[in-house]
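K.L.:
This one is structure-v3.tsv, TSV, C-alpha atoms and all ligand atoms.
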chain	number	residue	atom	x	y	z
Y	16	MET	CA	0.00	0.00	0.00
Y	17	ASP	CA	1.13	3.54	-0.75
Y	18	ASP	CA	2.85	5.62	2.01
Y	19	ARG	CA	1.73	8.99	0.62
Y	20	LEU	CA	-1.90	7.85	0.42
Y	21	PHE	CA	-1.72	6.65	4.06
Y	22	ARG	CA	-0.29	10.00	5.19
Y	23	ASN	CA	-2.86	11.93	3.17
Y	24	VAL	CA	-5.68	9.87	4.67
Y	25	MET	CA	-4.30	10.18	8.24
Y	26	GLY	CA	-3.83	13.89	7.60
Y	27	THR	CA	-7.59	14.33	7.24
Y	28	PHE	CA	-7.93	13.42	10.94
Y	29	ALA	CA	-7.52	16.92	12.46
Y	30	THR	CA	-5.51	16.98	15.69
Y	31	GLY	CA	-3.99	19.38	18.16
Y	32	VAL	CA	-0.22	19.64	18.34
Y	33	THR	CA	1.81	18.64	21.40
Y	34	VAL	CA	5.44	18.94	22.41
Y	35	ILE	CA	6.68	15.94	24.39
Y	36	THR	CA	9.47	16.77	26.83
Y	37	THR	CA	11.74	14.68	29.00
Y	38	GLU	CA	14.85	15.42	31.05
Y	39	ILE	CA	17.92	13.33	31.83
Y	40	ASP	CA	20.56	14.74	34.22
Y	41	GLY	CA	19.36	18.31	33.59
Y	42	ASP	CA	19.39	17.90	29.79
Y	43	ILE	CA	15.93	18.75	28.40
Y	44	HIS	CA	14.82	17.21	25.09
Y	45	GLY	CA	11.62	18.16	23.27
Y	46	MET	CA	9.80	16.71	20.24
Y	47	THR	CA	6.65	17.74	18.36
Y	48	ALA	CA	3.98	15.02	18.27
Y	49	ASN	CA	0.34	14.74	17.25
Y	50	ALA	CA	0.04	11.00	17.97
Y	51	PHE	CA	-1.39	11.57	21.46
Y	52	MET	CA	-4.56	10.26	23.06
Y	53	SER	CA	-6.38	10.09	26.35
Y	54	VAL	CA	-6.73	6.40	27.32
Y	55	SER	CA	-8.31	5.90	30.77
Y	56	LEU	CA	-9.97	7.97	33.53
Y	57	HIS	CA	-9.44	5.52	36.45
Y	58	PRO	CA	-6.44	5.41	36.50
Y	59	LYS	CA	-5.61	8.49	34.42
Y	60	LEU	CA	-3.65	7.19	31.44
Y	61	VAL	CA	-2.50	8.79	28.18
Y	62	LEU	CA	-0.61	7.44	25.18
Y	63	ILE	CA	2.05	8.79	22.81
Y	64	SER	CA	3.53	7.09	19.74
Y	65	ILE	CA	7.21	7.77	19.00
Y	66	GLY	CA	8.98	6.77	15.78
Y	67	GLU	CA	11.98	4.42	15.91
Y	68	LYS	CA	14.29	7.07	14.46
Y	69	ALA	CA	13.35	9.77	16.97
Y	70	LYS	CA	15.94	10.50	19.67
Y	71	MET	CA	13.02	10.94	22.05
Y	72	ARG	CA	12.34	7.19	22.00
Y	73	GLU	CA	15.57	6.18	23.77
Y	74	ARG	CA	15.35	9.16	26.10
Y	75	ILE	CA	11.91	8.17	27.38
Y	76	LYS	CA	12.98	4.53	27.69
Y	77	LYS	CA	15.75	5.81	30.00
Y	78	SER	CA	13.93	8.54	31.95
Y	79	LYS	CA	10.64	6.56	32.31
Y	80	THR	CA	8.86	9.91	32.49
Y	81	TYR	CA	7.53	12.45	29.99
Y	82	ALA	CA	5.49	15.63	29.91
Y	83	VAL	CA	3.00	16.67	27.22
Y	84	SER	CA	2.24	20.32	26.36
Y	85	PHE	CA	-0.70	21.19	24.09
Y	86	LEU	CA	0.39	24.11	21.92
Y	87	ALA	CA	-1.58	27.34	21.58
Y	88	GLU	CA	-2.55	28.76	18.17
Y	89	GLU	CA	0.33	31.29	18.21
Y	90	GLN	CA	2.94	28.57	18.92
Y	91	LYS	CA	3.43	27.27	15.36
Y	92	GLU	CA	7.14	28.19	15.48
Y	93	ILE	CA	7.56	26.17	18.69
Y	94	SER	CA	6.05	23.19	16.87
Y	95	MET	CA	8.42	23.71	13.94
Y	96	LEU	CA	11.40	24.08	16.31
Y	97	PHE	CA	10.71	20.77	18.06
Y	98	ALA	CA	10.02	19.02	14.73
Y	99	GLY	CA	13.44	20.08	13.42
Y	100	GLN	CA	11.76	22.26	10.75
Y	101	LEU	CA	13.49	25.56	11.55
Y	102	LYS	CA	16.78	26.34	9.82
Y	103	GLU	CA	18.30	28.04	12.86
Y	104	LYS	CA	18.62	26.55	16.37
Y	105	ARG	CA	16.68	28.48	19.00
Y	106	GLU	CA	16.54	28.61	22.75
Y	107	ALA	CA	13.21	27.33	24.06
Y	108	GLU	CA	11.49	28.61	27.18
Y	109	PHE	CA	10.32	26.02	29.67
Y	110	ASP	CA	8.12	26.20	32.75
Y	111	ARG	CA	8.12	23.55	35.45
Y	112	LEU	CA	5.17	21.35	36.35
Y	113	ASN	CA	5.66	18.75	39.07
Y	114	GLY	CA	9.40	19.42	38.65
Y	115	MET	CA	9.31	18.51	34.95
Y	116	PRO	CA	9.95	20.82	31.96
Y	117	VAL	CA	6.85	21.89	30.00
Y	118	ILE	CA	6.42	24.46	27.22
Y	119	LYS	CA	5.84	28.01	28.44
Y	120	GLY	CA	2.52	29.42	27.16
Y	121	ALA	CA	1.04	26.03	26.22
Y	122	ILE	CA	-2.74	25.77	26.66
Y	123	ALA	CA	-2.41	22.66	28.84
Y	124	SER	CA	0.37	20.49	30.22
Y	125	LEU	CA	0.55	17.18	31.99
Y	126	THR	CA	3.32	15.06	33.46
Y	127	CYS	CA	3.45	11.24	33.37
Y	128	ASN	CA	5.29	8.19	34.60
Y	129	VAL	CA	5.65	5.47	31.95
Y	130	VAL	CA	3.66	2.42	33.08
Y	131	ALA	CA	3.84	0.39	29.84
Y	132	GLU	CA	5.48	0.46	26.44
Y	133	TYR	CA	4.62	-1.50	23.31
Y	134	GLU	CA	6.57	-1.85	20.09
Y	135	ALA	CA	4.10	-1.27	17.24
Y	136	GLY	CA	5.61	-1.46	13.75
Y	137	ASP	CA	8.13	1.36	13.38
Y	138	HIS	CA	6.85	3.22	16.49
Y	139	THR	CA	6.89	2.67	20.27
Y	140	LEU	CA	3.69	3.37	22.21
Y	141	PHE	CA	4.34	4.78	25.69
Y	142	ILE	CA	1.42	4.62	28.12
Y	143	GLY	CA	1.81	7.27	30.80
Y	144	GLU	CA	0.06	7.53	34.16
Y	145	VAL	CA	-0.69	11.21	34.76
Y	146	THR	CA	1.03	12.64	37.85
Y	147	ASP	CA	0.06	16.31	37.46
Y	148	MET	CA	-1.81	18.59	35.02
Y	149	ARG	CA	-2.92	22.17	34.41
Y	150	PHE	CA	-4.64	24.24	31.71
Y	151	GLN	CA	-5.65	27.78	30.80
Y	152	GLU	CA	-9.28	28.25	29.76
Y	153	GLU	CA	-8.98	31.22	27.42
Y	154	ALA	CA	-6.32	30.03	24.94
Y	155	GLU	CA	-7.09	28.57	21.48
Y	156	PRO	CA	-5.26	25.44	20.24
Y	157	LEU	CA	-2.91	25.00	17.29
Y	158	ILE	CA	-4.45	22.54	14.81
Y	159	PHE	CA	-2.69	20.15	12.37
Y	160	TYR	CA	-4.84	19.14	9.39
Y	161	GLN	CA	-3.85	17.82	5.95
Y	162	GLY	CA	-0.16	18.36	6.79
Y	163	LYS	CA	-0.71	22.07	7.53
Y	164	TYR	CA	-1.03	24.18	10.65
Y	165	ARG	CA	-4.44	25.83	11.17
Y	166	GLY	CA	-6.22	27.91	13.74
Y	167	LEU	CA	-9.56	26.94	15.25
Y	168	LYS	CA	-10.98	30.39	14.51
Y	169	ALA	CA	-10.42	30.00	10.76
Y	170	LEU	CA	-11.86	26.46	10.88
Y	171	LYS	CA	-14.97	27.68	12.81
Y	172	GLU	CA	-15.52	30.43	10.24
Y	173	SER	CA	-15.39	27.87	7.42
Y	174	ILE	CA	-18.14	25.66	8.98
Y	175	PRO	CA	-21.56	26.65	7.57
Y	176	SER	CA	-24.13	27.32	10.35
A	201	LIG	P1	15.61	16.04	17.12
A	201	LIG	O1	15.13	15.94	15.73
A	201	LIG	O2	17.06	16.12	17.39
A	201	LIG	O3	14.99	17.30	17.92
A	201	LIG	C1	13.85	17.91	17.49
A	201	LIG	C2	14.11	19.40	17.41
A	201	LIG	O4	13.88	19.96	18.70
A	201	LIG	C3	15.53	19.80	17.00
A	201	LIG	O5	15.41	20.87	16.08
A	201	LIG	C4	16.16	20.24	18.30
A	201	LIG	O6	17.11	21.27	18.12
A	201	LIG	C5	14.95	20.79	19.07
A	201	LIG	N1	15.14	20.68	20.52
A	201	LIG	C6	15.09	19.56	21.26
A	201	LIG	N2	15.30	19.85	22.56
A	201	LIG	C7	15.48	21.20	22.65
A	201	LIG	C8	15.72	22.12	23.72
A	201	LIG	N3	15.89	21.71	24.98
A	201	LIG	N4	15.80	23.44	23.42
A	201	LIG	C9	15.65	23.88	22.13
A	201	LIG	N5	15.43	23.07	21.07
A	201	LIG	C10	15.35	21.74	21.32
A	201	LIG	N6	7.03	11.99	15.27
A	201	LIG	C11	6.64	10.95	16.03
A	201	LIG	O7	7.45	10.02	16.26
A	201	LIG	N7	5.40	10.89	16.60
A	201	LIG	C12	4.47	11.86	16.39
A	201	LIG	O8	3.37	11.78	16.93
A	201	LIG	C13	4.85	12.97	15.58
A	201	LIG	N8	3.97	13.94	15.33
A	201	LIG	C14	4.34	15.02	14.60
A	201	LIG	C15	3.41	16.04	14.39
A	201	LIG	C16	3.74	17.15	13.65
A	201	LIG	C17	2.70	18.25	13.44
A	201	LIG	C18	5.06	17.26	13.11
A	201	LIG	C19	5.43	18.49	12.32
A	201	LIG	C20	5.99	16.27	13.32
A	201	LIG	C21	5.65	15.12	14.07
A	201	LIG	N9	6.56	14.09	14.30
A	201	LIG	C22	6.17	13.01	15.05
A	201	LIG	C23	7.93	14.15	13.79
A	201	LIG	C24	8.94	14.61	14.87
A	201	LIG	O9	8.54	15.83	15.48
A	201	LIG	C25	10.35	14.83	14.24
A	201	LIG	O10	10.74	13.67	13.54
A	201	LIG	C26	11.38	15.21	15.30
A	201	LIG	O11	12.48	15.85	14.65
A	201	LIG	C27	11.95	14.03	16.07
A	201	LIG	O12	12.72	14.54	17.14
A	201	LIG	P2	13.94	13.78	17.78
A	201	LIG	O13	13.55	13.26	19.14
A	201	LIG	O14	14.54	12.80	16.83
A	201	LIG	O15	15.00	14.92	18.06
A	202	LIG	P1	2.21	14.33	6.82
A	202	LIG	O1	1.38	14.56	5.61
A	202	LIG	O2	3.37	13.43	6.75
A	202	LIG	O3	1.30	13.85	8.03
A	202	LIG	C1	-0.08	13.63	7.93
A	202	LIG	C2	-0.46	12.57	8.92
A	202	LIG	O4	0.10	11.32	8.55
A	202	LIG	C3	0.04	12.81	10.34
A	202	LIG	O5	-0.82	13.63	11.07
A	202	LIG	C4	0.10	11.39	10.89
A	202	LIG	O6	-1.18	11.00	11.33
A	202	LIG	C5	0.46	10.55	9.68
A	202	LIG	N1	1.91	10.27	9.62
A	202	LIG	C6	2.87	10.99	8.97
A	202	LIG	N2	4.07	10.41	9.10
A	202	LIG	C7	3.86	9.30	9.85
A	202	LIG	C8	4.72	8.29	10.33
A	202	LIG	N3	6.04	8.30	10.06
A	202	LIG	N4	4.18	7.31	11.07
A	202	LIG	C9	2.85	7.27	11.34
A	202	LIG	N5	1.99	8.20	10.91
A	202	LIG	C10	2.49	9.20	10.18
A	202	LIG	O7	2.62	15.75	7.36
A	202	LIG	P2	4.01	16.46	7.25
A	202	LIG	O8	3.75	17.91	7.47
A	202	LIG	O9	4.70	16.04	6.02
A	202	LIG	O10	4.79	15.91	8.54
A	202	LIG	C11	6.05	16.43	8.84
A	202	LIG	C12	6.97	15.31	9.31
A	202	LIG	O11	6.54	14.84	10.59
A	202	LIG	C13	7.01	14.11	8.37
A	202	LIG	O12	8.34	13.65	8.33
A	202	LIG	C14	6.13	13.10	9.07
A	202	LIG	O13	6.48	11.75	8.80
A	202	LIG	C15	6.34	13.45	10.53
A	202	LIG	N6	5.14	13.06	11.33
A	202	LIG	C16	5.23	11.89	12.00
A	202	LIG	C17	4.15	11.46	12.73
A	202	LIG	C18	4.25	10.16	13.47
A	202	LIG	O14	5.32	9.57	13.50
A	202	LIG	N7	3.21	9.66	14.11
A	202	LIG	C19	3.00	12.22	12.81
A	202	LIG	C20	2.94	13.44	12.10
A	202	LIG	C21	4.03	13.85	11.36
Translate this structure into structure tokens?
Ligand code: FAD
Ligand code: NAD

P.N.:
Amino acid sequence: MDDRLFRNVMGTFATGVTVITTEIDGDIHGMTANAFMSVSLHPKLVLISIGEKAKMRERIKKSKTYAVSFLAEEQKEISMLFAGQLKEKREAEFDRLNGMPVIKGAIASLTCNVVAEYEAGDHTLFIGEVTDMRFQEEAEPLIFYQGKYRGLKALKESIPS
């Protein structure tokens, strides 16, 4: 089956955009990801899917913890930075939640301990038990749809009432 067709089809499933962060001996690593889902309420579990070539994969296997930050509409450049899509290296600003690094200005953040991991094709699924979380009510999310960044406002305006 064709890879481009698969990506085009998957790209029609609109998602938010997250940055996954983890820290080993004071060294913070971040990675943009949209393969995120909420899994269970009791206990509170979430899931991320990390490609076999991503440096993040080995880092999480070592740290056994990760944080997830949901990006706000104006944080497209942060997404590009942590996806390796910017030409120049930039400093990133982090806040702390439960002692872990999270993206400053994100609309929501949560921290997790890894409770299970599954190899699935060319990705590893990391199930995380949520240890802390916070969100801001007013902010709008960054959206990824058909391989492009969008804003919810523009999407809302395009929906006929
Ligand atoms: P690198 O490629 O080395 O790092 C990523 C980038 O982040 C680099 O530019 C690096 O300089 C920067 N960076 C890292 N830490 C810091 C720091 N502390 N300060 C400043 N900059 C830093 N891949 C998946 O496996 N799963 C997904 O769900 C997924 N979803 C994606 C969604 C979108 C919208 C996009 C655009 C990409 C997605 N990717 C996903 C691809 C993934 O983001 C890239 O392949 C990424 O480059 C892999 O990161 P890495 O861990 O290999 O590290
Ligand atoms: P794209 O057209 O490649 O992505 C559209 C959709 O396809 C994504 O939302 C995702 O659901 C799926 N997808 C893309 N690459 C995948 C992969 N390697 N494994 C599983 N699903 C994948 O969008 P783009 O703007 O060209 O993406 C930028 C880069 O980020 C590409 O290199 C892409 O492979 C990568 N990416 C990876 C994932 C992932 O690993 N889950 C998700 C999104 C983007």

K.L.:
From the list Y:Ala87, Y:Ala82, Y:Ala48, Y:Glu152, which residue is nearest Leu112 of chain Y when using all atoms listed in the file?

P.N.:
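Using all atoms listed in the file, Leu112 of chain Y sits closest to Y:Ala82.
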
K.L.:
Compile the contact shell of Asp40 of chain Y as a list in words: residues with an atom at most 12 Å away, counting only C-alpha atoms, same-chain residues fewer than 2 positions apart removed.

P.N.:
Thr37, Glu38, Asp42, Ile43, His44, Arg74, Lys77, Ser78 and Met115 of chain Y

K.L.:
To check your reading of the model: which residues sit at most 10 Å from ligand LIG 202 (chain A) when counting all atoms listed in the file? Write the answer as a compact mmCIF listing (two decimals) with C-alpha atoms, in the frame of the given file.

P.N.:
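Output saved as result.txt:
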# COMPACT_ATOMS: atom_id res chain seq x y z
CA ASP Y 18 2.85 5.62 2.01
CA ARG Y 19 1.73 8.99 0.62
CA LEU Y 20 -1.90 7.85 0.42
CA PHE Y 21 -1.72 6.65 4.06
CA ARG Y 22 -0.29 10.00 5.19
CA ASN Y 23 -2.86 11.93 3.17
CA VAL Y 24 -5.68 9.87 4.67
CA MET Y 25 -4.30 10.18 8.24
CA GLY Y 26 -3.83 13.89 7.60
CA THR Y 27 -7.59 14.33 7.24
CA PHE Y 28 -7.93 13.42 10.94
CA ALA Y 29 -7.52 16.92 12.46
CA THR Y 30 -5.51 16.98 15.69
CA GLY Y 31 -3.99 19.38 18.16
CA VAL Y 32 -0.22 19.64 18.34
CA THR Y 47 6.65 17.74 18.36
CA ALA Y 48 3.98 15.02 18.27
CA ASN Y 49 0.34 14.74 17.25
CA ALA Y 50 0.04 11.00 17.97
CA PHE Y 51 -1.39 11.57 21.46
CA ILE Y 63 2.05 8.79 22.81
CA SER Y 64 3.53 7.09 19.74
CA ILE Y 65 7.21 7.77 19.00
CA GLY Y 66 8.98 6.77 15.78
CA GLU Y 67 11.98 4.42 15.91
CA LYS Y 68 14.29 7.07 14.46
CA ALA Y 69 13.35 9.77 16.97
CA MET Y 95 8.42 23.71 13.94
CA ALA Y 98 10.02 19.02 14.73
CA GLY Y 99 13.44 20.08 13.42
CA GLN Y 100 11.76 22.26 10.75
CA GLY Y 136 5.61 -1.46 13.75
CA ASP Y 137 8.13 1.36 13.38
CA HIS Y 138 6.85 3.22 16.49
CA THR Y 139 6.89 2.67 20.27
CA PHE Y 159 -2.69 20.15 12.37
CA TYR Y 160 -4.84 19.14 9.39
CA GLN Y 161 -3.85 17.82 5.95
CA GLY Y 162 -0.16 18.36 6.79
CA LYS Y 163 -0.71 22.07 7.53
CA TYR Y 164 -1.03 24.18 10.65

K.L.:
Y:Ala107, Y:Ile118, Y:Leu56, Y:Val130: which is nearest Lys79 of chain Y, counting all atoms listed in the file?

P.N.:
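Looking only at the distances to Lys79 of chain Y, the closest residue turns out to be Y:Val130.
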
K.L.:
Between Y:Thr33, Y:Asn113, Y:Thr126, Y:Ser53, which has the minimum distance to Ser84 of chain Y (counting all atoms listed in the file)?

P.N.:
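Using all atoms listed in the file, Ser84 of chain Y sits closest to Y:Thr33.
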
K.L.:
If you measure from atom O12 of ligand LIG 201 (chain A) to atom CA of Met46 of chain Y, what distance in Å do you get, rounded to one decimal?

P.N.:
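Spanning atom O12 of ligand LIG 201 (chain A) to atom CA of Met46 of chain Y is a straight-line distance of 4.8 Å.
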
K.L.:
Rounded to one decimal, what separation in Å do you get between atom C23 of ligand LIG 201 (chain A) and atom CA of Thr36 of chain Y?

P.N.:
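Atom CA of Thr36 of chain Y lies at a distance of 13.4 Å from atom C23 of ligand LIG 201 (chain A).
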
K.L.:
Using all atoms listed in the file for the distances, tell me which of Y:Ile122, Y:Tyr81, Y:Ile158, Y:Val145 is nearest to ligand LIG 201 (chain A).

P.N.:
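Closest candidate: Y:Ile158.
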
K.L.:
Using all atoms listed in the file, which of the listed residues (Y:Glu144, Y:Asn128, Y:Arg165, Y:Ser55) sits closest to ligand LIG 201 (chain A)?

P.N.:
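For ligand LIG 201 (chain A), the nearest of the candidates is Y:Arg165.
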
K.L.:
Would you mind telling me which residue in Y:Leu140, Y:Ala131, Y:Glu89, Y:Ala169 lies nearest to Ala154 of chain Y when using all atoms listed in the file?

P.N.:
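Once distances to Ala154 of chain Y are computed over all atoms listed in the file, the minimum belongs to Y:Glu89.
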
K.L.:
What is the atom CA of Val129 of chain Y to atom O9 of ligand LIG 201 (chain A) distance in Å?

P.N.:
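Computing it gives 19.7 Å between the two atoms.
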
K.L.:
Edge lengths and centre, in Å to one decimal, as AutoDock Vina command-line options: that's what I need for the box along x, y and z that holds all listed atoms of segment 114-124 of chain Y plus 4 Å on each side.

P.N.:
--center_x 3.6 --center_y 24.0 --center_z 32.4 --size_x 20.7 --size_y 18.9 --size_z 20.4

K.L.:
For a quick check of your reading of the model, name the residues lying within 8 Å of the coordinate (-3.4, 22.0, 31.2), counting only C-alpha atoms, and write them as a PyMOL selection string.

P.N.:
chain Y and resi 84-85+121-125+148-151
